[in-house]
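Okay, so here's the structure we're looking at.
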Amino acid sequence: MSTQDTISKTKNYLMNTYGRYPIAMVRGKGSWIWDSEGKKYLDFITGIAVNNLGHCHPKVTKAIVDQSKKLVQPCNLFHIEQQGEFAQMLVENSFADKVFFCNSGAEANEGAIKLARIWGTNNGGKYKIVHARDSFHGRTMGALSATSKKYQAGFKPLVPGFKPIAYDKIEALEKALEDKKVCAVILEPIQGENGVILPADNYLKKVRALCTKKKVLLIFDEVQVGIGRTGKLFAYEHYGIKPDIMTLSKALGGGIPCGAFLTTNKIAKNLSPGMHGTTLGGNPLAMSAGKAVLDTINEEGLLDGATESGEYFLDQLQALKDKYKKEIKEVRGKGLILGIEFKNNETAKAVVEKCIDKGLLTILTVQKVMRILPPLNVKKAEIEQAVKTIDKALKEVTDA
Ligand SMILES: Cc1ncc(COP(=O)(O)O)c(C=O)c1O
């Protein structure tokens, strides 16, 4: 189908909820994606932190194909072999003892909020959830209530009992936790949608200590930064602390919709049959894909790879910053979630768009940050090509 036909079908039959580029994607392999005109792009969006192994990794593809021939979904009235196996892998590689599988990041956060609330109900009737003012936790009503105001406009009333605070300011949390009705704090260990914001070194450690002292649950939303993105399987591992609940999705199912929330035995026992559920969550297709993702990360040493590639990439970006001091305010990142913050929104937009023209995909976030999310197995030569492309785009934008 031609690009124009795809675009007109989108216009005619889909709700108008996305600002899309006039490009239709049809095929992907590794770090590369092709559009319907045959143009090839270096994909450093990776489905927005979904394709952590690159597009169509042979092991994930095989797992999906094999499982699709056997059984796609029997439903959760029965035991499902692949659920237990995948949950065991997650538990053995994290702080958690128990897992609940769902289908998306927002749904994982809804589940985490419900779990925190039932725990709060059973622990003195606490129900309030503290969240960072500029965070992103999803578009469903509970997750949206914990998300930045700009996504909430027009959808009020929201779910009651959510308290926004400043991110990376421990005094703000101290004050919020004076309220005895708070049952949980939900935070992204590194904020993705808000422009790749890394908190100060000791912030999350202090948050953990404060939550423990105040008997409040700490929920880490690792939907974007989990599954190896930062060079550890889970971002919390960088900070020498553990959350009480963690949410995952995006890369978890290798592109097959899959989400999860994980917790300890002690907290999980607040849930019993009938209190939470989903029809499609935990289906064998998503579980098989997820198992293949974790196996591959392990077998191919992708965590160390992401750390090394991330450091190399950040060094290259630092050199770009030195070259374009007038345009770039800061470069930052951890592992392979990287951001270039521009001083001016117009420059940021123009550079991201020029890069797309030149065959490099990155995302414009909060209008001024170019967010870069390569696959964990990105090659050094691909990083170099991307940096050259950004350099050329910047030169053209500044010369114009
Ligand atoms: C940190 C974080 N949480 C939750 C979500 C929502 O995930 P989903 O789009 O799968 O509902 C996102 C999506 O970008 C995210 O970045």
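Letters for chains follow the order of the structure tokens (A, B, ...), residue numbers begin at 1 for each chain, and ligand numbers begin at 1 in the order shown.
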With only C-alpha atoms and all ligand atoms counted and 7 Å as the cut-off, give the residues of chain A in contact with ligand 1, each with its shortest interatomic distance in Å and the pair that gives it, as a tab-separated table.
```
residue	atom	partner	partner_atom_place_in_ligand_line	distance
A:Ser104	CA	ligand 1	10 (O)	4.0
A:Gly105	CA	ligand 1	7 (O)	3.3
A:Ala106	CA	ligand 1	11 (O)	3.6
A:Glu107	CA	ligand 1	11 (O)	6.3
A:Asn109	CA	ligand 1	4 (C)	6.9
A:Phe136	CA	ligand 1	2 (C)	5.3
A:His137	CA	ligand 1	3 (N)	3.8
A:Gly138	CA	ligand 1	6 (C)	3.8
A:Arg139	CA	ligand 1	11 (O)	6.4
A:Glu188	CA	ligand 1	1 (C)	5.9
A:Gln191	CA	ligand 1	1 (C)	6.8
A:Gly192	CA	ligand 1	16 (O)	5.8
A:Glu193	CA	ligand 1	16 (O)	5.8
A:Asp221	CA	ligand 1	1 (C)	5.6
A:Glu222	CA	ligand 1	1 (C)	6.0
A:Val223	CA	ligand 1	2 (C)	4.8
A:Gln224	CA	ligand 1	16 (O)	4.6
A:Ser249	CA	ligand 1	10 (O)	6.1
A:Lys250	CA	ligand 1	10 (O)	5.9
```
Where does DSSP see alpha helix (DSSP H) in region 56-197 of chain A, if you list the residues as a PyMOL selection string?
-> chain A and resi 58-70+81-92+105-121+141-145+149-152+170-176
Near Gly259 (chain A), counting only C-alpha atoms, which residues have an atom at most 12 Å away, once you skip same-chain residues fewer than 5 positions from it, shown as a ChimeraX atom specification?
-> /A:50,87,99-112,221-224,226-227,246-254,278,280-283,286-287,290
Each residue of region 88-124 of chain A lying at most 12 Å from region 294-314 of chain A should get a row with its shortest atom-to-atom pair and the distance in Å to one decimal, counting only C-alpha atoms; could you produce that, ordered by chain and increasing number, as CSV?
```
residue,atom,partner,partner_atom,distance
A:Gln88,CA,A:Leu294,CA,11.4
A:Met89,CA,A:Leu294,CA,7.9
A:Leu90,CA,A:Leu294,CA,8.5
A:Glu92,CA,A:Leu294,CA,11.6
A:Asn93,CA,A:Leu294,CA,9.8
```
Have a look at A:Ala116, A:Ala381, A:Met275, A:Ile340 and name the one nearest to Ile129 (chain A); count only C-alpha atoms.
->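 Nearest to Ile129 (chain A): A:Ala116.
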Show which residues sit within 12 Å of Phe155 (chain A), as a PDB file with N, CA and C atoms, in the first residue's frame. Count only C-alpha atoms, and ignore same-chain residues fewer than 6 positions away.
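And here's result.pdb as it stands now:
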```
ATOM      1  N   ARG A 139      -2.258   6.742  30.670  1.00  0.00           N
ATOM      2  CA  ARG A 139      -3.434   7.517  30.246  1.00  0.00           C
ATOM      3  C   ARG A 139      -4.747   7.026  30.836  1.00  0.00           C
ATOM      4  N   THR A 140      -4.755   5.920  31.560  1.00  0.00           N
ATOM      5  CA  THR A 140      -6.001   5.467  32.194  1.00  0.00           C
ATOM      6  C   THR A 140      -6.237   6.325  33.442  1.00  0.00           C
ATOM      7  N   MET A 141      -7.439   6.309  33.982  1.00  0.00           N
ATOM      8  CA  MET A 141      -7.788   7.337  34.964  1.00  0.00           C
ATOM      9  C   MET A 141      -6.917   7.323  36.230  1.00  0.00           C
ATOM     10  N   GLY A 142      -6.585   6.152  36.740  1.00  0.00           N
ATOM     11  CA  GLY A 142      -5.738   6.104  37.940  1.00  0.00           C
ATOM     12  C   GLY A 142      -4.327   6.568  37.620  1.00  0.00           C
ATOM     13  N   LEU A 144      -3.380   8.308  35.101  1.00  0.00           N
ATOM     14  CA  LEU A 144      -3.444   9.717  34.687  1.00  0.00           C
ATOM     15  C   LEU A 144      -3.485  10.644  35.904  1.00  0.00           C
ATOM     16  N   SER A 145      -4.140  10.188  36.964  1.00  0.00           N
ATOM     17  CA  SER A 145      -4.244  11.007  38.185  1.00  0.00           C
ATOM     18  C   SER A 145      -2.880  11.186  38.849  1.00  0.00           C
ATOM     19  N   LYS A 149       0.058  17.355  34.928  1.00  0.00           N
ATOM     20  CA  LYS A 149      -1.177  18.120  34.678  1.00  0.00           C
ATOM     21  C   LYS A 149      -1.495  18.260  33.199  1.00  0.00           C
TER      22      LYS A 149
END
```
CA of Ala184 (chain A) to CA of Phe220 (chain A), straight-line distance in Å | 10.4 Å
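Minimum atom-to-atom distances from A:Lys323, A:Lys380, A:Lys205, A:His79 to Lys392 (chain A) were compared using only C-alpha atoms, and the lowest value belongs to A:Lys323.
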Skip region 37-40 of chain A itself and residues of its chain fewer than 4 positions away, then list as a PDB file with all heavy atoms, in the first residue's frame all residues within 8 Å of it, counting only C-alpha atoms.
```
ATOM      1  N   SER A   2       0.476   2.274  -0.745  1.00  0.00           N
ATOM      2  CA  SER A   2       1.308   3.490  -0.797  1.00  0.00           C
ATOM      3  C   SER A   2       1.208   4.248   0.528  1.00  0.00           C
ATOM      4  O   SER A   2       0.246   4.079   1.285  1.00  0.00           O
ATOM      5  CB  SER A   2       0.839   4.402  -1.934  1.00  0.00           C
ATOM      6  OG  SER A   2      -0.358   5.050  -1.538  1.00  0.00           O
ATOM      7  N   THR A   3       2.199   5.090   0.777  1.00  0.00           N
ATOM      8  CA  THR A   3       2.193   5.889   2.013  1.00  0.00           C
ATOM      9  C   THR A   3       0.926   6.737   2.070  1.00  0.00           C
ATOM     10  O   THR A   3       0.271   6.838   3.110  1.00  0.00           O
ATOM     11  CB  THR A   3       3.438   6.801   2.033  1.00  0.00           C
ATOM     12  OG1 THR A   3       4.576   5.982   1.816  1.00  0.00           O
ATOM     13  CG2 THR A   3       3.577   7.530   3.352  1.00  0.00           C
ATOM     14  N   TRP A  32      17.397  -1.162  12.573  1.00  0.00           N
ATOM     15  CA  TRP A  32      16.920  -0.477  11.363  1.00  0.00           C
ATOM     16  C   TRP A  32      15.437  -0.706  11.121  1.00  0.00           C
ATOM     17  O   TRP A  32      14.903  -1.767  11.424  1.00  0.00           O
ATOM     18  CB  TRP A  32      17.737  -0.944  10.155  1.00  0.00           C
ATOM     19  CG  TRP A  32      19.191  -0.618  10.331  1.00  0.00           C
ATOM     20  CD1 TRP A  32      20.133  -1.389  10.955  1.00  0.00           C
ATOM     21  CD2 TRP A  32      19.844   0.596   9.966  1.00  0.00           C
ATOM     22  NE1 TRP A  32      21.339  -0.738  10.985  1.00  0.00           N
ATOM     23  CE2 TRP A  32      21.197   0.483  10.378  1.00  0.00           C
ATOM     24  CE3 TRP A  32      19.437   1.764   9.326  1.00  0.00           C
ATOM     25  CZ2 TRP A  32      22.129   1.501  10.171  1.00  0.00           C
ATOM     26  CZ3 TRP A  32      20.371   2.763   9.106  1.00  0.00           C
ATOM     27  CH2 TRP A  32      21.692   2.628   9.531  1.00  0.00           C
ATOM     28  N   ILE A  33      14.805   0.316  10.525  1.00  0.00           N
ATOM     29  CA  ILE A  33      13.382   0.210  10.178  1.00  0.00           C
ATOM     30  C   ILE A  33      13.192   0.831   8.790  1.00  0.00           C
ATOM     31  O   ILE A  33      13.897   1.784   8.435  1.00  0.00           O
ATOM     32  CB  ILE A  33      12.512   0.871  11.284  1.00  0.00           C
ATOM     33  CG1 ILE A  33      11.034   0.512  11.126  1.00  0.00           C
ATOM     34  CG2 ILE A  33      12.699   2.374  11.376  1.00  0.00           C
ATOM     35  CD1 ILE A  33      10.191   0.802  12.384  1.00  0.00           C
ATOM     36  N   GLY A 359      17.444  10.109   7.972  1.00  0.00           N
ATOM     37  CA  GLY A 359      17.410   8.685   8.266  1.00  0.00           C
ATOM     38  C   GLY A 359      17.789   8.301   9.692  1.00  0.00           C
ATOM     39  O   GLY A 359      18.255   7.188   9.933  1.00  0.00           O
TER      40      GLY A 359
END
```
Report the distance between CA of Arg133 (chain A) and CA of Arg20 (chain A) in Å, rounded to one decimal place.
-> 26.6 Å
Find the residues around Gln4 (chain A) up to 9 Å (only C-alpha atoms counted), leave out those fewer than 3 positions away in its own chain, and share them as a PyMOL selection string.
-> chain A and resi 1+7-9+22-24
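Excluding region 235-244 of chain A and any residue on its chain fewer than 2 positions from it, the residues at most 9 Å away by only C-alpha atoms are Ser94, Phe95, Ala96, Pro189, Ile190, Asp201, Asn202, Leu204, Lys205, Arg208, Leu217, Leu218, Ile219, Phe220, Glu222, Val225, Gly226, Ile227, Gly228, Arg229, Thr230, Gly231, Lys232, Leu233, Met246, Leu262, Thr263, Thr264 and Ile267 of chain A.
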Point out the residue among A:Gly274, A:Ile170, A:Cys211, A:Leu394 with the least atom-to-atom distance to Ile328 (chain A), counting only C-alpha atoms.
-> A:Leu394
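For the set A:Phe162, A:Tyr151, A:Trp119, A:Tyr18, the residue with the smallest atom-to-atom gap to Asn270 (chain A) is A:Trp119, counting only C-alpha atoms.
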Once DSSP has gone over the backbone, tell me which residues of region 119-240 of chain A are in strand (DSSP E), as a list in words.
-> Lys128, Ile129, Val130, His131, Ala132, Phe162, Lys163, Pro164, Ile165, Val182, Cys183, Ala184, Val185, Ile186, Leu187, Leu217, Leu218, Ile219, Phe220 and Asp221 of chain A
Would you export the selected residues with N, CA, C and O atoms as a PDB file, in the first residue's frame, please?
```
ATOM      1  N   LYS A 128      -3.907   7.655  50.259  1.00  0.00           N
ATOM      2  CA  LYS A 128      -3.369   8.687  49.360  1.00  0.00           C
ATOM      3  C   LYS A 128      -2.075   8.224  48.671  1.00  0.00           C
ATOM      4  O   LYS A 128      -1.282   7.487  49.265  1.00  0.00           O
ATOM      5  N   ILE A 129      -1.914   8.680  47.437  1.00  0.00           N
ATOM      6  CA  ILE A 129      -0.725   8.313  46.653  1.00  0.00           C
ATOM      7  C   ILE A 129       0.020   9.612  46.310  1.00  0.00           C
ATOM      8  O   ILE A 129      -0.556  10.515  45.694  1.00  0.00           O
ATOM      9  N   VAL A 130       1.280   9.660  46.681  1.00  0.00           N
ATOM     10  CA  VAL A 130       2.122  10.812  46.345  1.00  0.00           C
ATOM     11  C   VAL A 130       2.858  10.498  45.040  1.00  0.00           C
ATOM     12  O   VAL A 130       3.362   9.384  44.861  1.00  0.00           O
ATOM     13  N   HIS A 131       2.890  11.473  44.136  1.00  0.00           N
ATOM     14  CA  HIS A 131       3.580  11.269  42.849  1.00  0.00           C
ATOM     15  C   HIS A 131       4.306  12.539  42.446  1.00  0.00           C
ATOM     16  O   HIS A 131       4.010  13.627  42.959  1.00  0.00           O
ATOM     17  N   ALA A 132       5.253  12.412  41.521  1.00  0.00           N
ATOM     18  CA  ALA A 132       5.994  13.603  41.066  1.00  0.00           C
ATOM     19  C   ALA A 132       5.127  14.393  40.088  1.00  0.00           C
ATOM     20  O   ALA A 132       4.454  13.813  39.240  1.00  0.00           O
ATOM     21  N   PHE A 162      -4.751  11.743  45.099  1.00  0.00           N
ATOM     22  CA  PHE A 162      -3.395  11.824  44.541  1.00  0.00           C
ATOM     23  C   PHE A 162      -2.782  13.184  44.889  1.00  0.00           C
ATOM     24  O   PHE A 162      -3.452  14.201  44.766  1.00  0.00           O
ATOM     25  N   LYS A 163      -1.510  13.139  45.348  1.00  0.00           N
ATOM     26  CA  LYS A 163      -0.842  14.383  45.783  1.00  0.00           C
ATOM     27  C   LYS A 163       0.428  14.608  44.979  1.00  0.00           C
ATOM     28  O   LYS A 163       1.387  13.844  45.121  1.00  0.00           O
ATOM     29  N   PRO A 164       0.459  15.645  44.130  1.00  0.00           N
ATOM     30  CA  PRO A 164       1.694  15.900  43.374  1.00  0.00           C
ATOM     31  C   PRO A 164       2.742  16.627  44.219  1.00  0.00           C
ATOM     32  O   PRO A 164       2.410  17.490  45.036  1.00  0.00           O
ATOM     33  N   ILE A 165       4.016  16.251  44.016  1.00  0.00           N
ATOM     34  CA  ILE A 165       5.132  16.958  44.672  1.00  0.00           C
ATOM     35  C   ILE A 165       6.237  17.182  43.633  1.00  0.00           C
ATOM     36  O   ILE A 165       6.215  16.576  42.562  1.00  0.00           O
ATOM     37  N   VAL A 182      -1.273   8.867  53.702  1.00  0.00           N
ATOM     38  CA  VAL A 182      -0.530   8.440  52.500  1.00  0.00           C
ATOM     39  C   VAL A 182      -0.182   6.954  52.616  1.00  0.00           C
ATOM     40  O   VAL A 182       0.385   6.518  53.623  1.00  0.00           O
ATOM     41  N   CYS A 183      -0.540   6.172  51.582  1.00  0.00           N
ATOM     42  CA  CYS A 183      -0.176   4.741  51.593  1.00  0.00           C
ATOM     43  C   CYS A 183       1.021   4.461  50.695  1.00  0.00           C
ATOM     44  O   CYS A 183       1.711   3.465  50.906  1.00  0.00           O
ATOM     45  N   ALA A 184       1.254   5.305  49.669  1.00  0.00           N
ATOM     46  CA  ALA A 184       2.343   4.987  48.735  1.00  0.00           C
ATOM     47  C   ALA A 184       2.880   6.213  48.025  1.00  0.00           C
ATOM     48  O   ALA A 184       2.190   7.226  47.888  1.00  0.00           O
ATOM     49  N   VAL A 185       4.127   6.064  47.568  1.00  0.00           N
ATOM     50  CA  VAL A 185       4.775   7.065  46.712  1.00  0.00           C
ATOM     51  C   VAL A 185       5.097   6.363  45.401  1.00  0.00           C
ATOM     52  O   VAL A 185       5.690   5.281  45.417  1.00  0.00           O
ATOM     53  N   ILE A 186       4.693   6.950  44.284  1.00  0.00           N
ATOM     54  CA  ILE A 186       5.046   6.360  42.985  1.00  0.00           C
ATOM     55  C   ILE A 186       5.992   7.303  42.244  1.00  0.00           C
ATOM     56  O   ILE A 186       5.727   8.505  42.140  1.00  0.00           O
ATOM     57  N   LEU A 187       7.111   6.750  41.779  1.00  0.00           N
ATOM     58  CA  LEU A 187       8.121   7.566  41.085  1.00  0.00           C
ATOM     59  C   LEU A 187       8.733   6.781  39.932  1.00  0.00           C
ATOM     60  O   LEU A 187       8.841   5.550  40.007  1.00  0.00           O
ATOM     61  N   LEU A 217       4.460   2.653  51.173  1.00  0.00           N
ATOM     62  CA  LEU A 217       5.047   1.818  50.122  1.00  0.00           C
ATOM     63  C   LEU A 217       5.722   2.672  49.054  1.00  0.00           C
ATOM     64  O   LEU A 217       5.227   3.742  48.703  1.00  0.00           O
ATOM     65  N   LEU A 218       6.830   2.159  48.537  1.00  0.00           N
ATOM     66  CA  LEU A 218       7.529   2.844  47.445  1.00  0.00           C
ATOM     67  C   LEU A 218       7.309   2.050  46.151  1.00  0.00           C
ATOM     68  O   LEU A 218       7.690   0.878  46.055  1.00  0.00           O
ATOM     69  N   ILE A 219       6.658   2.707  45.196  1.00  0.00           N
ATOM     70  CA  ILE A 219       6.404   2.078  43.885  1.00  0.00           C
ATOM     71  C   ILE A 219       7.359   2.699  42.877  1.00  0.00           C
ATOM     72  O   ILE A 219       7.389   3.926  42.722  1.00  0.00           O
ATOM     73  N   PHE A 220       8.148   1.876  42.202  1.00  0.00           N
ATOM     74  CA  PHE A 220       8.967   2.377  41.099  1.00  0.00           C
ATOM     75  C   PHE A 220       8.309   1.992  39.780  1.00  0.00           C
ATOM     76  O   PHE A 220       8.042   0.805  39.544  1.00  0.00           O
ATOM     77  N   ASP A 221       8.050   2.995  38.959  1.00  0.00           N
ATOM     78  CA  ASP A 221       7.540   2.764  37.616  1.00  0.00           C
ATOM     79  C   ASP A 221       8.751   2.594  36.706  1.00  0.00           C
ATOM     80  O   ASP A 221       9.426   3.562  36.356  1.00  0.00           O
TER      81      ASP A 221
END
```
Provide the CA of Gln73 (chain A) to CA of Lys98 (chain A) distance in Å, to one decimal place.
->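 One can read the CA of Gln73 (chain A) to CA of Lys98 (chain A) distance as 21.3 Å.
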